[in-house]
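Trainee: To be precise about what I am sending: the file is called final03.cif and holds mmCIF, C-alpha atoms.
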data_upload
loop_
_atom_site.label_atom_id
_atom_site.label_comp_id
_atom_site.auth_asym_id
_atom_site.auth_seq_id
_atom_site.Cartn_x
_atom_site.Cartn_y
_atom_site.Cartn_z
CA MET A 13 1.28 -24.79 15.10
CA THR A 14 4.72 -25.18 13.54
CA THR A 15 5.28 -25.40 9.79
CA ALA A 16 8.55 -25.85 7.91
CA ILE A 17 8.71 -24.89 4.24
CA ILE A 18 11.67 -26.89 2.99
CA GLY A 19 13.78 -27.49 -0.10
CA GLY A 20 12.90 -24.38 -2.10
CA TYR A 21 14.96 -21.53 -3.53
CA VAL A 22 14.35 -19.12 -0.66
CA VAL A 23 14.52 -15.42 -1.52
CA PRO A 24 14.31 -13.45 1.75
CA VAL A 25 14.69 -10.21 -0.31
CA ASP A 26 16.32 -8.52 2.69
CA GLY A 27 19.18 -11.02 2.46
CA GLN A 28 20.90 -13.43 0.09
CA PRO A 29 18.93 -16.22 -1.64
CA ILE A 30 19.29 -19.71 -0.17
CA ASP A 31 19.15 -22.71 -2.50
CA GLY A 32 17.45 -25.60 -0.73
CA GLY A 33 16.50 -23.34 2.14
CA THR A 34 14.07 -23.68 5.03
CA VAL A 35 11.53 -21.22 6.39
CA LEU A 36 10.29 -22.19 9.85
CA VAL A 37 6.95 -20.78 10.97
CA GLU A 38 5.38 -20.93 14.41
CA ASP A 39 2.14 -19.35 15.65
CA GLY A 40 1.86 -17.09 12.61
CA LYS A 41 5.40 -15.73 12.78
CA ILE A 42 8.65 -16.58 11.02
CA VAL A 43 11.08 -17.99 13.59
CA ALA A 44 13.99 -19.07 11.38
CA VAL A 45 15.28 -18.81 7.80
CA GLY A 46 18.37 -20.58 6.55
CA THR A 47 19.89 -23.68 5.04
CA GLN A 48 18.68 -27.12 5.99
CA ALA A 49 21.71 -27.47 8.26
CA GLU A 50 21.11 -24.11 9.95
CA VAL A 51 17.41 -24.50 10.79
CA ASP A 52 16.42 -27.07 13.40
CA VAL A 53 12.96 -28.32 12.44
CA PRO A 54 11.20 -29.66 15.55
CA ASP A 55 9.56 -33.07 15.63
CA GLY A 56 5.92 -32.93 14.68
CA ALA A 57 6.22 -29.85 12.48
CA GLU A 58 4.14 -29.86 9.32
CA LEU A 59 6.50 -30.15 6.35
CA VAL A 60 5.76 -28.27 3.13
CA ASP A 61 7.94 -29.43 0.25
CA ALA A 62 8.93 -26.49 -1.97
CA SER A 63 11.56 -28.36 -3.99
CA GLY A 64 11.99 -26.87 -7.45
CA ALA A 65 10.02 -23.75 -6.48
CA TRP A 66 10.84 -20.23 -5.29
CA VAL A 67 9.86 -19.09 -1.80
CA LEU A 68 9.34 -15.37 -1.21
CA PRO A 69 7.64 -13.03 1.23
CA GLY A 70 4.12 -12.05 0.32
CA PHE A 71 3.95 -8.96 -1.86
CA ILE A 72 2.61 -5.63 -0.59
CA ASP A 73 0.50 -3.16 -2.55
CA ALA A 74 0.98 0.10 -0.67
CA HIS A 75 -1.83 1.95 -2.47
CA ALA A 76 -5.03 0.07 -3.21
CA HIS A 77 -8.78 0.51 -2.91
CA LEU A 78 -9.67 -3.13 -2.27
CA GLY A 79 -13.01 -3.50 -0.55
CA VAL A 80 -13.91 0.20 -0.71
CA HIS A 81 -14.16 0.30 -4.52
CA GLU A 82 -15.60 -3.11 -5.28
CA GLU A 83 -15.41 -4.55 -8.76
CA GLY A 84 -18.66 -4.92 -10.67
CA GLU A 85 -20.79 -3.44 -7.88
CA GLY A 86 -21.36 0.07 -9.26
CA TRP A 87 -22.44 2.79 -6.84
CA SER A 88 -23.47 0.22 -4.23
CA GLY A 89 -19.93 -0.98 -3.67
CA ASN A 90 -18.14 2.31 -4.28
CA ASP A 91 -17.24 3.94 -0.96
CA VAL A 92 -13.81 5.20 -1.94
CA ASN A 93 -14.58 8.95 -2.06
CA GLU A 94 -16.67 10.99 0.40
CA MET A 95 -16.70 14.02 -1.89
CA THR A 96 -18.81 16.27 0.30
CA ASP A 97 -16.04 17.95 2.30
CA PRO A 98 -12.63 19.03 0.97
CA ASN A 99 -11.08 18.15 4.36
CA GLY A 100 -12.00 14.54 5.07
CA ALA A 101 -9.20 13.71 7.51
CA ARG A 102 -11.77 12.15 9.88
CA PHE A 103 -12.98 9.67 7.25
CA ARG A 104 -11.52 6.14 7.57
CA ALA A 105 -11.14 3.60 4.78
CA LEU A 106 -11.49 0.94 7.49
CA ASP A 107 -15.19 1.75 7.85
CA GLY A 108 -15.98 0.96 4.20
CA ILE A 109 -14.11 -2.29 3.51
CA ASP A 110 -15.99 -5.38 2.33
CA PRO A 111 -13.65 -8.36 2.96
CA TYR A 112 -15.70 -10.54 0.61
CA GLU A 113 -14.92 -8.41 -2.43
CA VAL A 114 -13.53 -10.59 -5.24
CA GLY A 115 -10.38 -8.47 -5.46
CA PHE A 116 -9.07 -10.02 -2.25
CA ASP A 117 -9.08 -13.46 -3.91
CA ASP A 118 -7.33 -11.99 -6.94
CA ALA A 119 -4.68 -10.52 -4.65
CA LEU A 120 -3.85 -13.95 -3.26
CA ALA A 121 -3.55 -15.38 -6.77
CA GLY A 122 -0.97 -12.69 -7.47
CA GLY A 123 1.01 -13.39 -4.31
CA VAL A 124 -0.17 -10.18 -2.61
CA THR A 125 -0.72 -10.78 1.10
CA SER A 126 -0.78 -7.22 2.48
CA VAL A 127 -2.34 -4.01 1.19
CA VAL A 128 -2.65 -0.47 2.45
CA ILE A 129 -6.22 0.50 1.60
CA LYS A 130 -6.77 4.19 0.97
CA PRO A 131 -9.64 6.56 0.33
CA GLY A 132 -9.75 8.05 -3.13
CA SER A 133 -8.36 11.27 -4.54
CA GLY A 134 -11.47 13.36 -5.05
CA ASN A 135 -10.80 15.48 -1.97
CA PRO A 136 -7.71 17.52 -1.10
CA ILE A 137 -7.76 15.46 2.11
CA GLY A 138 -9.42 12.10 1.55
CA GLY A 139 -9.07 10.31 4.88
CA GLN A 140 -7.21 7.70 6.86
CA THR A 141 -5.65 4.55 5.40
CA VAL A 142 -5.34 1.08 6.92
CA GLY A 143 -3.02 -1.92 6.46
CA VAL A 144 -4.82 -5.24 6.04
CA LYS A 145 -4.06 -8.80 5.10
CA THR A 146 -5.77 -10.09 1.98
CA TRP A 147 -7.45 -13.01 3.74
CA GLY A 148 -9.81 -13.00 6.70
CA ARG A 149 -13.46 -13.34 7.66
CA THR A 150 -13.88 -9.78 8.97
CA VAL A 151 -11.94 -6.55 8.71
CA VAL A 152 -11.10 -7.00 12.40
CA ASP A 153 -9.32 -10.25 11.49
CA MET A 154 -7.51 -8.66 8.56
CA VAL A 155 -6.16 -5.43 10.04
CA PHE A 156 -2.50 -5.48 11.01
CA ALA A 157 -1.83 -1.72 11.00
CA GLU A 158 -4.80 0.52 11.79
CA ASP A 159 -2.78 3.74 11.94
CA VAL A 160 -0.74 4.16 8.77
CA SER A 161 -1.31 7.45 6.95
CA VAL A 162 -3.69 10.11 5.69
CA LYS A 163 -4.48 10.31 1.98
CA SER A 164 -4.32 13.69 0.25
CA ALA A 165 -4.58 14.79 -3.38
CA LEU A 166 -3.11 17.49 -5.54
CA GLY A 167 -3.65 18.08 -9.25
CA GLU A 168 -6.58 17.45 -11.53
CA ASN A 169 -8.89 15.34 -9.36
CA PRO A 170 -9.78 17.70 -6.49
CA LYS A 171 -9.87 20.80 -8.71
CA ARG A 172 -12.27 19.01 -11.09
CA VAL A 173 -14.52 17.66 -8.31
CA TYR A 174 -14.96 20.95 -6.48
CA GLY A 175 -14.80 23.09 -9.61
CA GLU A 176 -17.89 21.24 -10.83
CA LYS A 177 -19.54 22.13 -7.52
CA ASP A 178 -18.60 25.83 -8.00
CA LYS A 179 -16.80 25.88 -4.68
CA THR A 180 -13.23 26.05 -3.39
CA PRO A 181 -10.89 24.46 -4.38
CA ALA A 182 -11.34 24.81 -8.14
CA THR A 183 -7.68 25.42 -9.02
CA ARG A 184 -4.25 24.18 -7.97
CA LEU A 185 -3.96 27.40 -5.97
CA GLY A 186 -7.14 26.55 -4.10
CA VAL A 187 -6.09 22.95 -3.41
CA ALA A 188 -2.76 24.05 -1.92
CA ALA A 189 -4.51 26.75 0.11
CA THR A 190 -6.99 24.17 1.45
CA LEU A 191 -4.12 22.02 2.71
CA ARG A 192 -2.29 25.01 4.18
CA GLU A 193 -5.40 26.21 5.99
CA ALA A 194 -6.12 22.73 7.32
CA PHE A 195 -2.66 22.32 8.83
CA THR A 196 -2.67 25.84 10.23
CA ARG A 197 -5.99 25.13 11.95
CA ALA A 198 -4.64 21.83 13.24
CA ARG A 199 -1.55 23.51 14.67
CA ASN A 200 -3.68 26.13 16.42
CA TYR A 201 -6.10 23.47 17.64
CA ALA A 202 -3.26 21.42 19.16
CA ALA A 203 -1.97 24.45 21.05
CA GLN A 204 -5.44 25.25 22.43
CA ARG A 205 -6.11 21.60 23.31
CA ASP A 206 -2.80 21.21 25.14
CA ALA A 207 -3.33 24.47 27.04
CA ALA A 208 -6.82 23.34 28.11
CA ARG A 209 -5.47 20.01 29.30
CA ALA A 210 -2.69 21.69 31.26
CA GLU A 211 -5.26 23.88 33.00
CA GLY A 212 -7.70 21.02 33.52
CA LYS A 213 -10.37 22.69 31.43
CA PRO A 214 -12.89 20.89 29.20
CA PHE A 215 -12.17 20.91 25.49
CA ASP A 216 -14.31 19.91 22.50
CA VAL A 217 -12.58 17.23 20.44
CA ASP A 218 -12.55 17.73 16.65
CA LEU A 219 -11.92 14.40 14.89
CA THR A 220 -10.70 16.08 11.69
CA LEU A 221 -8.16 18.26 13.48
CA GLU A 222 -7.11 15.47 15.85
CA THR A 223 -6.13 13.40 12.81
CA LEU A 224 -4.12 16.25 11.29
CA THR A 225 -2.29 16.89 14.58
CA ARG A 226 -1.16 13.25 14.45
CA VAL A 227 0.28 13.95 11.01
CA LEU A 228 2.09 17.02 12.35
CA ASP A 229 3.38 14.97 15.29
CA GLY A 230 4.81 12.34 12.91
CA GLU A 231 2.47 9.55 14.03
CA LEU A 232 0.86 9.23 10.58
CA TYR A 233 2.44 9.46 7.12
CA TRP A 234 1.07 11.90 4.55
CA ASP A 235 0.20 9.95 1.38
CA GLN A 236 0.17 12.59 -1.35
CA HIS A 237 -1.60 11.70 -4.60
CA THR A 238 0.30 13.67 -7.22
CA HIS A 239 1.25 13.07 -10.85
CA ARG A 240 2.76 16.16 -12.48
CA ALA A 241 6.29 17.25 -11.60
CA ASP A 242 5.12 20.71 -10.51
CA ASP A 243 2.50 19.16 -8.22
CA ILE A 244 5.15 16.86 -6.74
CA VAL A 245 7.28 19.90 -5.97
CA THR A 246 4.26 21.56 -4.33
CA ALA A 247 3.81 18.45 -2.19
CA VAL A 248 7.44 18.66 -1.07
CA ARG A 249 7.15 22.39 -0.40
CA LEU A 250 4.09 21.89 1.82
CA ALA A 251 5.74 19.01 3.69
CA GLU A 252 8.81 21.11 4.39
CA GLU A 253 6.61 24.03 5.52
CA PHE A 254 4.70 21.96 8.09
CA GLY A 255 7.26 19.24 8.87
CA TYR A 256 5.23 16.09 8.20
CA LYS A 257 6.41 12.77 6.72
CA LEU A 258 5.66 12.89 3.00
CA VAL A 259 5.18 9.88 0.73
CA VAL A 260 4.56 10.68 -2.94
CA ASN A 261 1.83 8.45 -4.39
CA HIS A 262 1.68 7.81 -8.16
CA GLY A 263 4.60 10.14 -8.97
CA THR A 264 3.97 9.81 -12.70
CA GLU A 265 6.45 12.56 -13.59
CA GLY A 266 8.77 11.81 -10.69
CA HIS A 267 11.43 10.60 -13.10
CA LEU A 268 11.68 14.16 -14.44
CA ILE A 269 12.82 15.40 -11.00
CA ALA A 270 14.42 12.22 -9.65
CA ASP A 271 17.45 14.09 -8.29
CA PHE A 272 15.18 16.58 -6.49
CA LEU A 273 13.35 13.73 -4.73
CA ALA A 274 16.53 11.82 -3.92
CA GLU A 275 18.19 14.86 -2.34
CA ARG A 276 15.20 15.23 -0.01
CA ASN A 277 14.78 11.50 0.74
CA VAL A 278 11.19 11.53 -0.51
CA PRO A 279 9.95 8.00 -1.33
CA VAL A 280 7.56 7.24 -4.19
CA ILE A 281 4.75 4.70 -4.39
CA LEU A 282 4.80 4.51 -8.18
CA GLY A 283 1.98 3.60 -10.49
CA PRO A 284 -0.29 2.31 -11.76
CA LEU A 285 1.87 1.54 -14.79
CA PHE A 286 -0.60 -0.40 -16.98
CA THR A 287 -3.00 2.44 -17.71
CA SER A 288 -3.68 4.59 -20.74
CA ARG A 289 -2.85 8.28 -20.60
CA SER A 290 -6.45 9.03 -19.69
CA LYS A 291 -5.86 12.58 -18.49
CA VAL A 292 -3.39 15.39 -19.12
CA GLU A 293 -1.29 14.81 -16.01
CA LEU A 294 -0.51 11.25 -17.19
CA ARG A 295 0.97 12.27 -20.53
CA ASN A 296 4.54 11.48 -19.41
CA ARG A 297 3.76 8.08 -17.94
CA THR A 298 6.50 5.56 -18.76
CA LEU A 299 7.59 2.12 -17.60
CA ARG A 300 11.11 3.53 -17.37
CA SER A 301 10.19 5.57 -14.27
CA ALA A 302 10.98 2.88 -11.69
CA GLY A 303 14.49 2.34 -13.03
CA ILE A 304 15.25 6.06 -13.35
CA LEU A 305 14.04 6.84 -9.83
CA THR A 306 15.82 3.86 -8.27
CA ARG A 307 19.15 4.64 -9.94
CA ALA A 308 18.85 8.24 -8.69
CA GLY A 309 18.56 6.94 -5.12
CA VAL A 310 14.80 7.27 -4.59
CA GLU A 311 13.11 4.50 -2.60
CA VAL A 312 10.35 3.13 -4.84
CA ALA A 313 7.36 0.86 -4.31
CA ILE A 314 5.12 -0.19 -7.20
CA THR A 315 1.33 -0.08 -6.93
CA THR A 316 -1.65 -1.19 -9.02
CA ASP A 317 -4.01 1.41 -7.50
CA HIS A 318 -6.51 -1.46 -7.65
CA PRO A 319 -9.08 -1.53 -9.24
CA VAL A 320 -7.40 0.81 -11.74
CA VAL A 321 -5.12 -2.14 -12.53
CA PRO A 322 -6.15 -5.59 -11.23
CA ILE A 323 -4.14 -6.28 -8.09
CA ASN A 324 -2.95 -9.68 -9.31
CA PHE A 325 -1.04 -7.81 -12.02
CA LEU A 326 1.22 -6.12 -9.45
CA VAL A 327 4.18 -8.38 -10.18
CA TYR A 328 3.70 -7.99 -13.95
CA GLN A 329 4.16 -4.23 -13.63
CA ALA A 330 7.47 -4.90 -11.88
CA ALA A 331 8.46 -7.37 -14.59
CA LEU A 332 7.87 -4.82 -17.36
CA ALA A 333 9.75 -2.21 -15.35
CA VAL A 334 12.70 -4.65 -15.43
CA LYS A 335 12.31 -4.89 -19.20
CA ASP A 336 12.60 -1.09 -19.27
CA GLY A 337 15.69 -0.79 -17.10
CA LEU A 338 14.89 -1.63 -13.47
CA ASP A 339 17.33 -4.04 -11.84
CA PRO A 340 15.60 -7.40 -11.06
CA GLU A 341 16.69 -7.39 -7.41
CA ALA A 342 15.42 -3.83 -7.06
CA ALA A 343 12.15 -4.90 -8.70
CA LEU A 344 11.48 -7.48 -5.98
CA ARG A 345 12.24 -4.83 -3.38
CA THR A 346 9.58 -2.54 -4.88
CA LEU A 347 7.01 -5.22 -3.99
CA THR A 348 8.29 -6.17 -0.53
CA VAL A 349 10.80 -4.39 1.69
CA ASN A 350 10.38 -0.96 0.07
CA PRO A 351 6.61 -0.53 0.56
CA ALA A 352 6.98 -1.91 4.08
CA ARG A 353 9.72 0.53 5.00
CA ILE A 354 8.16 3.52 3.21
CA LEU A 355 5.02 3.29 5.38
CA GLY A 356 6.67 2.06 8.59
CA LEU A 357 5.35 -1.51 8.34
CA ASP A 358 8.73 -3.27 8.17
CA ASP A 359 8.38 -4.60 11.71
CA ARG A 360 5.54 -6.80 10.44
CA VAL A 361 5.91 -7.49 6.71
CA GLY A 362 8.16 -7.21 3.66
CA ALA A 363 10.80 -9.92 4.04
CA LEU A 364 11.46 -13.47 5.18
CA LYS A 365 13.16 -12.99 8.52
CA PRO A 366 12.53 -14.00 12.12
CA GLY A 367 9.93 -11.93 13.93
CA LEU A 368 7.93 -10.91 10.89
CA ASP A 369 4.46 -12.18 10.01
CA ALA A 370 4.55 -15.55 8.27
CA ASP A 371 3.22 -14.27 4.95
CA VAL A 372 4.95 -16.65 2.56
CA VAL A 373 4.35 -17.44 -1.11
CA ILE A 374 5.63 -20.47 -3.00
CA TRP A 375 6.07 -19.66 -6.69
CA SER A 376 6.58 -22.08 -9.57
CA GLY A 377 9.73 -20.10 -10.45
CA ASP A 378 11.02 -16.56 -10.63
CA PRO A 379 7.91 -14.38 -10.12
CA LEU A 380 9.32 -11.79 -12.54
CA ASP A 381 8.84 -14.35 -15.31
CA VAL A 382 5.20 -13.90 -16.33
CA MET A 383 4.89 -17.62 -17.09
CA ASN A 384 5.31 -18.47 -13.39
CA ARG A 385 2.51 -18.37 -10.85
CA ALA A 386 1.85 -18.44 -7.12
CA LEU A 387 1.30 -22.08 -6.16
CA ARG A 388 0.66 -21.78 -2.42
CA VAL A 389 0.06 -18.70 -0.27
CA PHE A 390 0.36 -18.53 3.50
CA VAL A 391 -0.98 -15.59 5.51
CA ARG A 392 0.14 -15.46 9.13
CA GLY A 393 1.29 -19.06 8.69
CA ARG A 394 -2.05 -20.36 7.46
CA GLU A 395 -2.36 -21.69 3.92
CA VAL A 396 -5.18 -19.66 2.37
CA TYR A 397 -4.62 -20.23 -1.35
CA HIS A 398 -3.32 -22.95 -3.63
CA PHE A 399 -3.31 -23.44 -7.37
CA ASP A 400 -5.16 -26.58 -8.42
CA GLU A 401 -3.17 -27.94 -11.37
CA ALA A 402 -5.90 -30.36 -12.43
CA ALA A 403 -8.62 -27.71 -12.48
CA GLY A 404 -6.28 -25.03 -13.81
CA ASP A 405 -7.57 -22.55 -11.25
CA GLY A 406 -6.79 -21.12 -7.84
CA VAL A 407 -8.57 -22.21 -4.67
CA VAL A 408 -9.04 -19.76 -1.78
CA ALA A 409 -9.71 -20.98 1.74
CA ASP A 410 -13.36 -20.44 2.69
CA ARG A 411 -13.81 -17.20 4.61
CA ARG A 412 -17.29 -18.05 5.87
CA TYR A 413 -18.16 -19.23 9.36
CA ARG A 414 -19.03 -22.92 9.55
CA GLU A 415 -20.65 -24.66 12.51
#
Translate this structure into structure tokens?
Mentor:
Amino acid sequence: MTTAIIGGYVVPVDGQPIDGGTVLVEDGKIVAVGTQAEVDVPDGAELVDASGAWVLPGFIDAHAHLGVHEEGEGWSGNDVNEMTDPNGARFRALDGIDPYEVGFDDALAGGVTSVVIKPGSGNPIGGQTVGVKTWGRTVVDMVFAEDVSVKSALGENPKRVYGEKDKTPATRLGVAATLREAFTRARNYAAQRDAARAEGKPFDVDLTLETLTRVLDGELYWDQHTHRADDIVTAVRLAEEFGYKLVVNHGTEGHLIADFLAERNVPVILGPLFTSRSKVELRNRTLRSAGILTRAGVEVAITTDHPVVPINFLVYQAALAVKDGLDPEAALRTLTVNPARILGLDDRVGALKPGLDADVVIWSGDPLDVMNRALRVFVRGREVYHFDEAAGDGVVADRRYRE
């Protein structure tokens, strides 16, 4: 199926805006973006008139708990933390996602079409993350990047969880030691496994250590939950010691060491920004962080950490960051190309350009103006959400199977 979104103010993000532009979509992919004169719309294509509206790529929340920490479901729908083993590298967020959780509908209303769903931060090593679209009938339908990263945590959360159990790690020293021991075991395991393979000998596979060897080999990113500046520095120190690809998550005090992060090319998935200072390590939270980090040269993505902040408020966090000093163009990048590039997903999502998934959102105007809204949302070229003006509410395409 071919669809042409025509006449809108097209903001590719990774390129200059096009007034009266055209986005041509075929079989779930973007095939052309340009002016009306530049894009040849084939006969029979479905035409979507975006005149007077803004057309952008779908937003990305690079750190969310959609479907594994369901809203309003209590313990029954909370599968975000398997807090029974400090090293949960073998745990997968994919295995706990409920695609019918209401947060996925909220995401579409906020123009969010892709999320990286992560385990929680109760363990030093929480488990594997997964990239999914925010519309689909099953997780199988929704996954677009099964192998993204491993979630880890420093700071208050793991020391509190295991301190209350009277077991290691109960301090920052213990948390760092747990990570160090885990990677040392993984390195030794990889050497023994490779030697056994070379000699044709049987070898017992350890799912936890296999996952960590993939981190050491650079196949998976290391998503490090960390708030305080000293914990961020510990995260960098550990990454340099073992040579893995570090992504700072939250980075609440990252603005205090912005030059340190920039010099080492460490990206930050920043946020959530709409919370109270509910614990000590959040005392320096500020909406100025995104602007300070960006001006220092740090690549920044903004996150809601849903359900900590409702995922449809993602763009509002960026808007208030603009109010507190973030450049508007940079703000749109924190929701699109930056999260995609930070986690190696930029071959699929993050911009309006040929070859990428046709995740396209038509906005009533500039999305950084809180009075504007997502009017129509396309995921892989299929319209899955529209705002019903008469009813004053959004309508999500039915996810259920119908005979």
Trainee: Apply the PyMOL selection byres ((chain A and resi 366) around 10) to the file shown and report the selected residues as a list in words.
Mentor: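 Checked against the file, the PyMOL selection byres ((chain A and resi 366) around 10) matches Val35, Leu36, Val37, Lys41, Ile42, Val43, Ala44, Val45, Ala363, Leu364, Lys365, Gly367, Leu368, Asp369 and Ala370 of chain A.
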Trainee: Keeping only C-alpha atoms, write those residues as an mmCIF file, keeping the file's coordinate frame.
Mentor:
data_model
loop_
_atom_site.group_PDB
_atom_site.id
_atom_site.type_symbol
_atom_site.label_atom_id
_atom_site.label_comp_id
_atom_site.auth_asym_id
_atom_site.auth_seq_id
_atom_site.Cartn_x
_atom_site.Cartn_y
_atom_site.Cartn_z
ATOM 1 C CA VAL A 35 11.530 -21.220 6.390
ATOM 2 C CA LEU A 36 10.290 -22.190 9.850
ATOM 3 C CA VAL A 37 6.950 -20.780 10.970
ATOM 4 C CA LYS A 41 5.400 -15.730 12.780
ATOM 5 C CA ILE A 42 8.650 -16.580 11.020
ATOM 6 C CA VAL A 43 11.080 -17.990 13.590
ATOM 7 C CA ALA A 44 13.990 -19.070 11.380
ATOM 8 C CA VAL A 45 15.280 -18.810 7.800
ATOM 9 C CA ALA A 363 10.800 -9.920 4.040
ATOM 10 C CA LEU A 364 11.460 -13.470 5.180
ATOM 11 C CA LYS A 365 13.160 -12.990 8.520
ATOM 12 C CA GLY A 367 9.930 -11.930 13.930
ATOM 13 C CA LEU A 368 7.930 -10.910 10.890
ATOM 14 C CA ASP A 369 4.460 -12.180 10.010
ATOM 15 C CA ALA A 370 4.550 -15.550 8.270
#
Trainee: What is the distance between atom CA of A:Gly356 and atom CA of A:Gly230, in Å to one decimal?
Mentor: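 So the answer is 11.3 Å.
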Trainee: Near A:Ile323, within 9 Å and counting all atoms listed in the file, which residues show up once chain neighbours fewer than 4 positions away are dropped, as a list in words?
Mentor: Asp73, Ala76, Leu78, Gly115, Phe116, Asp118, Ala119, Gly122, Val124, Thr315, Thr316, Asp317, His318, Pro319 and Val327 of chain A
Trainee: What lies within 12 Å of stretch 218-226 of chain A using only C-alpha atoms, ignoring chain neighbours under 5 positions off, as a PyMOL selection string?
Mentor: chain A and resi 97-104+137-141+159-164+191-206+231-234+254-257
Trainee: Within 10 Å of (12.1, 16.5, 3.9), in the coordinates the file gives, what residues turn up when you count only C-alpha atoms, written out as an MDAnalysis selection string?
Mentor: chainID A and resid 248:253 255:258 273 275:278
Trainee: Step by step, work through what the PyMOL selection byres ((chain A and resi 387) around 7) selects in the shown file, and finish by giving those residues as an MDAnalysis selection string.
Mentor: chainID A and resid 374:376 385:386 388:389 398:399
Trainee: Using only C-alpha atoms, which of A:Thr298, A:Thr146, A:Thr238, A:Thr348 sits nearest A:Thr125?
Mentor: A:Thr146
Trainee: Contacts of A:Asp271 at 12 Å or less, counting all atoms listed in the file, minus same-chain residues fewer than 6 places along, as a list in words?
Mentor: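 Close residues of A:Asp271: Val245, Asn277, Val278, Pro279, Ile304, Leu305, Thr306, Arg307, Ala308, Gly309, Val310 and Glu311 of chain A.
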Trainee: How would the residues just picked look written out with C-alpha atoms as a PDB file, in the coordinates of the input?
Mentor:
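To be explicit, this is the file written out as again_32.pdb:
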ATOM      1  CA  VAL A 245       7.280  19.900  -5.970  1.00  0.00           C
ATOM      2  CA  ASN A 277      14.780  11.500   0.740  1.00  0.00           C
ATOM      3  CA  VAL A 278      11.190  11.530  -0.510  1.00  0.00           C
ATOM      4  CA  PRO A 279       9.950   8.000  -1.330  1.00  0.00           C
ATOM      5  CA  ILE A 304      15.250   6.060 -13.350  1.00  0.00           C
ATOM      6  CA  LEU A 305      14.040   6.840  -9.830  1.00  0.00           C
ATOM      7  CA  THR A 306      15.820   3.860  -8.270  1.00  0.00           C
ATOM      8  CA  ARG A 307      19.150   4.640  -9.940  1.00  0.00           C
ATOM      9  CA  ALA A 308      18.850   8.240  -8.690  1.00  0.00           C
ATOM     10  CA  GLY A 309      18.560   6.940  -5.120  1.00  0.00           C
ATOM     11  CA  VAL A 310      14.800   7.270  -4.590  1.00  0.00           C
ATOM     12  CA  GLU A 311      13.110   4.500  -2.600  1.00  0.00           C
TER      13      GLU A 311
END
Trainee: If you count only C-alpha atoms, which residues fall within 8 Å of A:Glu113, apart from same-chain ones fewer than 4 positions away, as a PyMOL selection string?
Mentor: chain A and resi 78-79+82-83+117
Trainee: So how far away is atom CA of A:Gly143 from atom CA of A:Val127, in Å?
Mentor: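 We find that atom CA of A:Val127 and atom CA of A:Gly143 lie 5.7 Å from each other.
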Trainee: Decode the PyMOL selection byres ((chain A and resi 156) around 9) for the given file into explicit residues and return them as a JSON list (two decimals) with C-alpha atoms, in the frame of the given file.
Mentor:
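Final output, saved to selection25.json:
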[["chain", "number", "residue", "atom", "x", "y", "z"],
["A", 126, "SER", "CA", -0.78, -7.22, 2.48],
["A", 142, "VAL", "CA", -5.34, 1.08, 6.92],
["A", 143, "GLY", "CA", -3.02, -1.92, 6.46],
["A", 144, "VAL", "CA", -4.82, -5.24, 6.04],
["A", 145, "LYS", "CA", -4.06, -8.80, 5.10],
["A", 152, "VAL", "CA", -11.10, -7.00, 12.40],
["A", 153, "ASP", "CA", -9.32, -10.25, 11.49],
["A", 154, "MET", "CA", -7.51, -8.66, 8.56],
["A", 155, "VAL", "CA", -6.16, -5.43, 10.04],
["A", 157, "ALA", "CA", -1.83, -1.72, 11.00],
["A", 158, "GLU", "CA", -4.80, 0.52, 11.79],
["A", 360, "ARG", "CA", 5.54, -6.80, 10.44]]
Trainee: Closest to A:Leu347 among A:Gly123, A:Phe390, A:Ala65, A:Glu58, using all atoms listed in the file?
Mentor: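 Ranking A:Gly123, A:Phe390, A:Ala65, A:Glu58 by distance to A:Leu347, first place goes to A:Gly123.
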Trainee: Report the distance between atom CA of A:Arg412 and atom CA of A:Leu106 in Å, rounded to one decimal place.
Mentor: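 One can read the atom CA of A:Arg412 to atom CA of A:Leu106 distance as 19.9 Å.
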